[in-house]
Structures are given as C-alpha cells and as structure tokens.
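Engineer: Quick one, entry00.pdb (PDB, C-alpha atoms):
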ATOM      1  CA  MET X 101     209.372 -38.965-101.426  1.00  0.00           C
ATOM      2  CA  SER X 102     210.934 -36.705 -98.840  1.00  0.00           C
ATOM      3  CA  GLU X 103     212.577 -33.373 -99.543  1.00  0.00           C
ATOM      4  CA  ALA X 104     216.280 -33.297-100.472  1.00  0.00           C
ATOM      5  CA  GLY X 105     217.571 -32.152 -97.066  1.00  0.00           C
ATOM      6  CA  ALA X 106     214.894 -33.523 -94.758  1.00  0.00           C
ATOM      7  CA  PRO X 107     215.624 -36.754 -92.871  1.00  0.00           C
ATOM      8  CA  ARG X 108     213.174 -39.592 -93.326  1.00  0.00           C
ATOM      9  CA  THR X 109     211.763 -41.888 -90.678  1.00  0.00           C
ATOM     10  CA  VAL X 110     212.215 -45.647 -91.134  1.00  0.00           C
ATOM     11  CA  GLN X 111     211.417 -48.673 -89.025  1.00  0.00           C
ATOM     12  CA  CYS X 112     214.108 -51.254 -88.287  1.00  0.00           C
ATOM     13  CA  TYR X 113     213.023 -54.661 -89.600  1.00  0.00           C
ATOM     14  CA  HIS X 114     214.975 -56.389 -86.802  1.00  0.00           C
ATOM     15  CA  CYS X 115     213.712 -54.638 -83.644  1.00  0.00           C
ATOM     16  CA  ARG X 116     210.770 -52.646 -85.170  1.00  0.00           C
ATOM     17  CA  GLN X 117     211.932 -49.322 -83.645  1.00  0.00           C
ATOM     18  CA  LEU X 118     211.447 -46.056 -85.550  1.00  0.00           C
ATOM     19  CA  PHE X 119     214.376 -43.697 -86.208  1.00  0.00           C
ATOM     20  CA  ASP X 120     215.421 -40.914 -88.591  1.00  0.00           C
ATOM     21  CA  VAL X 121     217.986 -41.407 -91.353  1.00  0.00           C
ATOM     22  CA  PRO X 122     219.724 -39.029 -93.778  1.00  0.00           C
ATOM     23  CA  PRO X 123     217.839 -38.745 -97.100  1.00  0.00           C
ATOM     24  CA  ARG X 124     220.640 -40.196 -99.268  1.00  0.00           C
ATOM     25  CA  ALA X 125     221.716 -43.067 -97.001  1.00  0.00           C
ATOM     26  CA  ILE X 126     221.580 -46.575 -98.490  1.00  0.00           C
ATOM     27  CA  SER X 127     222.298 -48.455 -95.258  1.00  0.00           C
ATOM     28  CA  ILE X 128     222.743 -47.560 -91.603  1.00  0.00           C
ATOM     29  CA  SER X 129     223.207 -49.176 -88.218  1.00  0.00           C
ATOM     30  CA  CYS X 130     220.045 -49.181 -86.111  1.00  0.00           C
ATOM     31  CA  PRO X 131     220.564 -47.016 -82.998  1.00  0.00           C
ATOM     32  CA  TRP X 132     218.433 -49.440 -80.947  1.00  0.00           C
ATOM     33  CA  CYS X 133     219.710 -52.926 -81.855  1.00  0.00           C
ATOM     34  CA  TYR X 134     222.958 -51.925 -83.667  1.00  0.00           C
ATOM     35  CA  ARG X 135     222.243 -54.202 -86.612  1.00  0.00           C
ATOM     36  CA  ARG X 136     222.615 -53.168 -90.250  1.00  0.00           C
ATOM     37  CA  VAL X 137     219.448 -51.839 -91.902  1.00  0.00           C
ATOM     38  CA  GLY X 138     219.263 -51.559 -95.705  1.00  0.00           C
ATOM     39  CA  LEU X 139     217.491 -48.466 -96.984  1.00  0.00           C
ATOM     40  CA  ASP X 140     217.925 -48.693-100.744  1.00  0.00           C
ATOM     41  CA  ASP X 141     215.527 -49.856-103.459  1.00  0.00           C
ATOM     42  CA  MET X 142     216.280 -53.199-105.127  1.00  0.00           C
ATOM     43  CA  ASP X 143     215.730 -54.319-108.730  1.00  0.00           C
ATOM     44  CA  ILE X 144     215.720 -58.047-109.507  1.00  0.00           C
ATOM     45  CA  ARG X 145     216.377 -58.521-113.241  1.00  0.00           C
ATOM     46  CA  GLY X 146     217.566 -62.133-113.501  1.00  0.00           C
ATOM     47  CA  VAL X 147     217.458 -65.354-111.517  1.00  0.00           C
ATOM     48  CA  CYS X 148     218.145 -64.731-107.815  1.00  0.00           C
ATOM     49  CA  TRP X 149     218.441 -67.428-105.126  1.00  0.00           C
ATOM     50  CA  THR X 150     219.159 -65.978-101.696  1.00  0.00           C
ATOM     51  CA  SER X 151     218.551 -66.589 -98.009  1.00  0.00           C
ATOM     52  CA  LYS X 152     216.509 -63.416 -97.457  1.00  0.00           C
ATOM     53  CA  ILE X 153     216.062 -59.861 -98.681  1.00  0.00           C
ATOM     54  CA  GLN X 154     215.119 -57.074 -96.284  1.00  0.00           C
ATOM     55  CA  THR X 155     215.069 -53.349 -96.991  1.00  0.00           C
ATOM     56  CA  CYS X 156     213.309 -50.221 -95.842  1.00  0.00           C
ATOM     57  CA  GLY X 157     213.006 -49.308 -99.524  1.00  0.00           C
ATOM     58  CA  ARG X 158     211.148 -50.896-102.438  1.00  0.00           C
ATOM     59  CA  ILE X 159     211.691 -54.186-104.312  1.00  0.00           C
ATOM     60  CA  ILE X 160     210.857 -54.638-108.005  1.00  0.00           C
ATOM     61  CA  ILE X 161     210.982 -58.065-109.656  1.00  0.00           C
ATOM     62  CA  HIS X 162     211.080 -57.365-113.392  1.00  0.00           C
ATOM     63  CA  PRO X 163     209.504 -59.475-116.185  1.00  0.00           C
ATOM     64  CA  LYS X 164     211.462 -62.670-116.963  1.00  0.00           C
ATOM     65  CA  ALA X 165     213.108 -62.404-113.516  1.00  0.00           C
ATOM     66  CA  SER X 166     212.814 -65.054-110.839  1.00  0.00           C
ATOM     67  CA  LEU X 167     213.379 -64.696-107.100  1.00  0.00           C
ATOM     68  CA  VAL X 168     213.579 -67.629-104.684  1.00  0.00           C
ATOM     69  CA  ALA X 169     214.041 -66.770-101.000  1.00  0.00           C
ATOM     70  CA  PRO X 170     212.453 -67.785 -97.705  1.00  0.00           C
ATOM     71  CA  LEU X 171     211.787 -64.120 -96.792  1.00  0.00           C
ATOM     72  CA  VAL X 172     211.391 -60.925 -98.829  1.00  0.00           C
ATOM     73  CA  GLU X 173     210.533 -57.822 -96.784  1.00  0.00           C
ATOM     74  CA  ALA X 174     210.271 -54.245 -98.097  1.00  0.00           C
ATOM     75  CA  SER X 175     208.750 -51.336 -96.200  1.00  0.00           C
ATOM     76  CA  GLN X 176     207.933 -49.191 -99.242  1.00  0.00           C
ATOM     77  CA  GLY X 177     206.291 -51.910-101.338  1.00  0.00           C
ATOM     78  CA  ILE X 178     206.942 -54.869-103.613  1.00  0.00           C
ATOM     79  CA  GLU X 179     206.205 -55.086-107.352  1.00  0.00           C
ATOM     80  CA  VAL X 180     206.214 -58.511-108.987  1.00  0.00           C
ATOM     81  CA  HIS X 181     206.239 -58.657-112.785  1.00  0.00           C
ATOM     82  CA  GLY X 182     208.113 -61.981-113.038  1.00  0.00           C
ATOM     83  CA  GLU X 183     208.142 -64.901-110.595  1.00  0.00           C
ATOM     84  CA  ALA X 184     208.669 -64.993-106.835  1.00  0.00           C
ATOM     85  CA  GLU X 185     208.798 -67.977-104.520  1.00  0.00           C
ATOM     86  CA  ALA X 186     208.957 -66.470-101.046  1.00  0.00           C
ATOM     87  CA  VAL X 187     207.130 -65.052 -98.065  1.00  0.00           C
ATOM     88  CA  LEU X 188     206.441 -61.484 -99.211  1.00  0.00           C
ATOM     89  CA  ILE X 189     205.994 -58.910 -96.419  1.00  0.00           C
ATOM     90  CA  SER X 190     205.465 -55.232 -97.158  1.00  0.00           C
ATOM     91  CA  GLY X 191     204.574 -52.141 -95.182  1.00  0.00           C
ATOM     92  CA  SER X 192     202.893 -50.765 -98.313  1.00  0.00           C
ATOM     93  CA  LEU X 193     201.278 -52.116-101.511  1.00  0.00           C
ATOM     94  CA  ILE X 194     202.222 -55.472-102.993  1.00  0.00           C
ATOM     95  CA  TYR X 195     201.531 -55.279-106.733  1.00  0.00           C
ATOM     96  CA  ILE X 196     201.350 -58.468-108.807  1.00  0.00           C
ATOM     97  CA  GLY X 197     201.440 -57.796-112.540  1.00  0.00           C
ATOM     98  CA  PRO X 198     199.400 -59.439-115.305  1.00  0.00           C
ATOM     99  CA  LYS X 199     201.873 -62.260-116.043  1.00  0.00           C
ATOM    100  CA  ALA X 200     203.410 -62.502-112.572  1.00  0.00           C
ATOM    101  CA  ARG X 201     203.411 -65.604-110.382  1.00  0.00           C
ATOM    102  CA  VAL X 202     203.896 -65.624-106.617  1.00  0.00           C
ATOM    103  CA  LYS X 203     204.284 -68.881-104.724  1.00  0.00           C
ATOM    104  CA  GLY X 204     204.169 -68.456-100.950  1.00  0.00           C
ATOM    105  CA  GLU X 205     202.692 -66.226 -98.293  1.00  0.00           C
ATOM    106  CA  VAL X 206     201.756 -62.590 -98.941  1.00  0.00           C
ATOM    107  CA  ARG X 207     201.339 -60.024 -96.130  1.00  0.00           C
ATOM    108  CA  ALA X 208     200.664 -56.322 -96.722  1.00  0.00           C
ATOM    109  CA  PRO X 209     198.165 -53.553 -95.926  1.00  0.00           C
ATOM    110  CA  SER X 210     197.017 -53.720 -99.569  1.00  0.00           C
ATOM    111  CA  ILE X 211     197.507 -56.232-102.359  1.00  0.00           C
ATOM    112  CA  ARG X 212     196.713 -55.631-106.025  1.00  0.00           C
ATOM    113  CA  VAL X 213     196.632 -58.556-108.430  1.00  0.00           C
ATOM    114  CA  GLU X 214     196.149 -57.727-112.095  1.00  0.00           C
ATOM    115  CA  ARG X 215     194.077 -60.035-114.287  1.00  0.00           C
ATOM    116  CA  GLY X 216     196.355 -62.900-115.313  1.00  0.00           C
ATOM    117  CA  GLY X 217     198.567 -62.604-112.219  1.00  0.00           C
ATOM    118  CA  ALA X 218     198.466 -65.392-109.636  1.00  0.00           C
ATOM    119  CA  ILE X 219     199.191 -66.090-105.986  1.00  0.00           C
ATOM    120  CA  ASP X 220     199.785 -69.779-105.246  1.00  0.00           C
ATOM    121  CA  GLY X 221     200.076 -69.639-101.496  1.00  0.00           C
ATOM    122  CA  ALA X 222     198.703 -70.958 -98.307  1.00  0.00           C
ATOM    123  CA  PHE X 223     198.275 -67.612 -96.571  1.00  0.00           C
ATOM    124  CA  VAL X 224     197.312 -64.092 -97.674  1.00  0.00           C
ATOM    125  CA  GLN X 225     197.038 -61.382 -95.010  1.00  0.00           C
ATOM    126  CA  ILE X 226     195.682 -57.957 -95.871  1.00  0.00           C
ATOM    127  CA  ALA X 227     196.448 -55.944 -92.751  1.00  0.00           C
ATOM    128  CA  ALA X 228     199.084 -53.623 -91.380  1.00  0.00           C
ATOM    129  CA  THR X 229     202.286 -55.614 -90.946  1.00  0.00           C
ATOM    130  CA  ARG X 230     203.554 -53.298 -88.242  1.00  0.00           C
ATOM    131  CA  ILE X 231     202.033 -51.401 -85.324  1.00  0.00           C
ATOM    132  CA  ASP X 232     202.867 -47.703 -85.192  1.00  0.00           C
ATOM    133  CA  PRO X 233     204.408 -47.088 -81.723  1.00  0.00           C
ATOM    134  CA  ALA X 234     202.454 -43.819 -81.427  1.00  0.00           C
ATOM    135  CA  LYS X 235     199.205 -45.758 -81.846  1.00  0.00           C
ATOM    136  CA  ALA X 236     200.293 -48.813 -79.849  1.00  0.00           C
ATOM    137  CA  LYS X 237     198.754 -47.421 -76.648  1.00  0.00           C
ATOM    138  CA  GLN X 238     195.356 -47.378 -78.354  1.00  0.00           C
ATOM    139  CA  VAL X 239     195.462 -51.127 -79.110  1.00  0.00           C
ATOM    140  CA  GLN X 240     193.662 -53.165 -76.484  1.00  0.00           C
ATOM    141  CA  VAL X 241     194.571 -56.776 -75.906  1.00  0.00           C
ATOM    142  CA  ARG X 242     191.546 -58.993 -75.444  1.00  0.00           C
ATOM    143  CA  SER X 243     191.643 -62.270 -73.618  1.00  0.00           C
ATOM    144  CA  GLY X 244     189.364 -65.240 -73.939  1.00  0.00           C
ATOM    145  CA  THR X 245     188.482 -67.654 -76.693  1.00  0.00           C
ATOM    146  CA  ASN X 246     188.018 -64.955 -79.389  1.00  0.00           C
ATOM    147  CA  ALA X 247     191.273 -63.097 -78.670  1.00  0.00           C
ATOM    148  CA  ALA X 248     192.670 -63.579 -82.163  1.00  0.00           C
ATOM    149  CA  TYR X 249     191.041 -61.357 -84.771  1.00  0.00           C
ATOM    150  CA  ARG X 250     190.990 -62.747 -88.272  1.00  0.00           C
ATOM    151  CA  PRO X 251     189.489 -60.598 -91.023  1.00  0.00           C
ATOM    152  CA  VAL X 252     187.068 -62.187 -93.462  1.00  0.00           C
ATOM    153  CA  ILE X 253     188.213 -61.774 -97.039  1.00  0.00           C
ATOM    154  CA  ARG X 254     185.441 -61.872 -99.581  1.00  0.00           C
ATOM    155  CA  VAL X 255     186.658 -62.999-103.001  1.00  0.00           C
ATOM    156  CA  PRO X 256     184.795 -61.529-105.998  1.00  0.00           C
ATOM    157  CA  ASP X 257     183.214 -63.948-108.500  1.00  0.00           C
ATOM    158  CA  TRP X 258     185.616 -62.957-111.305  1.00  0.00           C
ATOM    159  CA  VAL X 259     188.575 -64.028-109.138  1.00  0.00           C
ATOM    160  CA  ARG X 260     186.980 -67.427-108.508  1.00  0.00           C
ATOM    161  CA  ALA X 261     186.492 -67.801-112.261  1.00  0.00           C
ATOM    162  CA  LEU X 262     190.290 -67.392-112.787  1.00  0.00           C
ATOM    163  CA  ARG X 263     191.124 -70.253-110.415  1.00  0.00           C
ATOM    164  CA  PRO X 264     191.945 -73.452-112.305  1.00  0.00           C
ATOM    165  CA  THR X 265     189.748 -76.421-111.479  1.00  0.00           C
TER     166      THR X 265
END
Can I see the file as structure tokens?

Structural biologist:
Amino acid sequence: MSEAGAPRTVQCYHCRQLFDVPPRAISISCPWCYRRVGLDDMDIRGVCWTSKIQTCGRIIIHPKASLVAPLVEASQGIEVHGEAEAVLISGSLIYIGPKARVKGEVRAPSIRVERGGAIDGAFVQIAATRIDPAKAKQVQVRSGTNAAYRPVIRVPDWVRALRPT
C-alpha cells in the first residue's frame, strides 16, 4: 500500500505504459492512449457473467460465487475462493483456495493452489505478464529456431496424486 498522499504508479492494461495516479482514484484516463483505466479492487459475491474484467487493482471471487468471462485481468492479484471460468491474467499472485475451481488459462508471476483447489485449463504460465520499461533495454531478442523460451514446470508428486484418473 502506498502512503496517503503519495501517488502510485500503475500500468495501463490497454497500451502497457506506466503512469502515476492519485492515491484515492478509482478510475482515470490513460495519458498515453486516452482510454479508461479502472484502478479499484473488485469483489465478486454472486453469479457474474460479463465480457471482460480489467483493473489495476485486485479481484476477489468469494466462496459460492461464480465468474464467467473471456478475460479477467488484475495487476495487484486475483483470489479465487469460488468458481471462475476465464483467462486469468495477473501482475501479482493468483491464489486458488481449497474449494475453488478455475476453468481456463492462468498467467501470473506466481500461482498458489491450496490442497483441494483445481485448475482445469489448457495453459498455465508462471512468468512475468508484463515487461518493466526500465528493464526492457536489458532484454535481448534471439533469433533462430530456439527463439521462444518456454520454462519447464516440474509438478510435485502430491499434485499428480490429486489429478483424477
């Protein structure tokens, strides 16, 4: 959390540019692409069908809640305690609770699945979802047949034991 009077830096989820916002703002127009950027946290407590949810804040899907959307993106993290059928993208931790179910893709720098929680998806990516513009100059683009880097994810034995056969 930032101090009461200090502006905070957010990244536009449309054009990926960084900019400062007032600490109490809940939405703002991006100074680069002029599109609306939501900054507030969102709580899903019931059944929610929507086209997409994007925020620079945090999204919490409470127990007994259900979210169905093609895209759910939150910069500060996503907590799933109920059910979600979506592509989940986060700039921080995606937490999947003990009775939670996620159907779809999951992309975040870190993902925590409690025992009893499940991801039924075709794609799980544990990597930074954005490139920091200050560090972008350090990234080198490689060409050739091995240009795409894909991390190897090793699944512990206890996770394999939870998978239904």

Engineer: Given the PyMOL selection byres ((chain X and resi 155) around 10) and the file above, list the residues it selects as number ranges by chain.

Structural biologist: X: 111-113, 126-127, 137-142, 153-154, 156-159, 172-177, 190

Engineer: Just want the 6 Å neighbourhood of Ile194 of chain X, counted on only C-alpha atoms, with same-chain residues fewer than 2 positions away dropped. Output as a count of residues only.

Structural biologist: 4

Engineer: In Å, with one decimal, what is the gap from atom CA of Phe223 of chain X to atom CA of Glu205 of chain X?

Structural biologist: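 Distance reported for this atom pair: 4.9 Å.
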
Engineer: Enumerate, as a count of residues only, the residues matched when the PyMOL selection byres ((chain X and resi 169) around 12) is run on the file above.

Structural biologist: 25

Engineer: So how far away is atom CA of Arg145 of chain X from atom CA of Pro163 of chain X, in Å?

Structural biologist: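 Going from atom CA of Pro163 of chain X over to atom CA of Arg145 of chain X, I get 7.5 Å.
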
Engineer: Calculated over only C-alpha atoms, which of the candidates X:His181, X:Arg135, X:Arg207, X:Arg212 has the smallest distance to Ile160 of chain X?

Structural biologist: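 Residue with the minimum atom-to-atom distance to Ile160 of chain X: X:His181.
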
Engineer: To one decimal place, how far is atom CA of Asp143 of chain X from atom CA of Pro131 of chain X in Å?

Structural biologist: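 Separating atom CA of Asp143 of chain X from atom CA of Pro131 of chain X is a distance of 27.2 Å.
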
Engineer: The PyMOL selection byres ((chain X and resi 209) around 10) - which residues does that actually catch in the file I just gave you? List them as a list in words.

Structural biologist: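 Applying the expression gives Gly177, Ile189, Ser190, Gly191, Ser192, Leu193, Ile194, Arg207, Ala208, Ser210, Ile211, Gln225, Ile226, Ala227, Ala228, Thr229 and Arg230 of chain X.
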
Engineer: Between X:Val110, X:Arg116, X:Glu214, X:Gly146, single out the one closest to Ile128 of chain X, counting all atoms listed in the file.

Structural biologist: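 Among the listed residues, the smallest separation from Ile128 of chain X belongs to X:Val110.
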
Engineer: Would you list the contacts of segment 121-123 of chain X as a ChimeraX atom specification, taking every protein, DNA or RNA residue within 7 Å and counting only C-alpha atoms, but skipping same-chain residues closer than 6 positions in sequence?

Structural biologist: /X:104-109

Engineer: Those residues you just picked out, can you put them in a file as a short mmCIF file (atom, residue, chain, number, x, y, z; two decimals), keeping the file's coordinate frame with C-alpha atoms?

Structural biologist:
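This went into selection.cif:
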data_model
loop_
_atom_site.label_atom_id
_atom_site.label_comp_id
_atom_site.auth_asym_id
_atom_site.auth_seq_id
_atom_site.Cartn_x
_atom_site.Cartn_y
_atom_site.Cartn_z
CA ALA X 104 216.28 -33.30 -100.47
CA GLY X 105 217.57 -32.15 -97.07
CA ALA X 106 214.89 -33.52 -94.76
CA PRO X 107 215.62 -36.75 -92.87
CA ARG X 108 213.17 -39.59 -93.33
CA THR X 109 211.76 -41.89 -90.68
#

Engineer: Where's the centre, and what are the edge lengths in Å to one decimal, of a box along x, y and z enclosing all listed atoms of segment 147-153 of chain X padded 8 Å per side, as JSON?

Structural biologist:
{"center_x": 217.6, "center_y": -63.6, "center_z": -104.5, "size_x": 19.1, "size_y": 23.6, "size_z": 30.1}
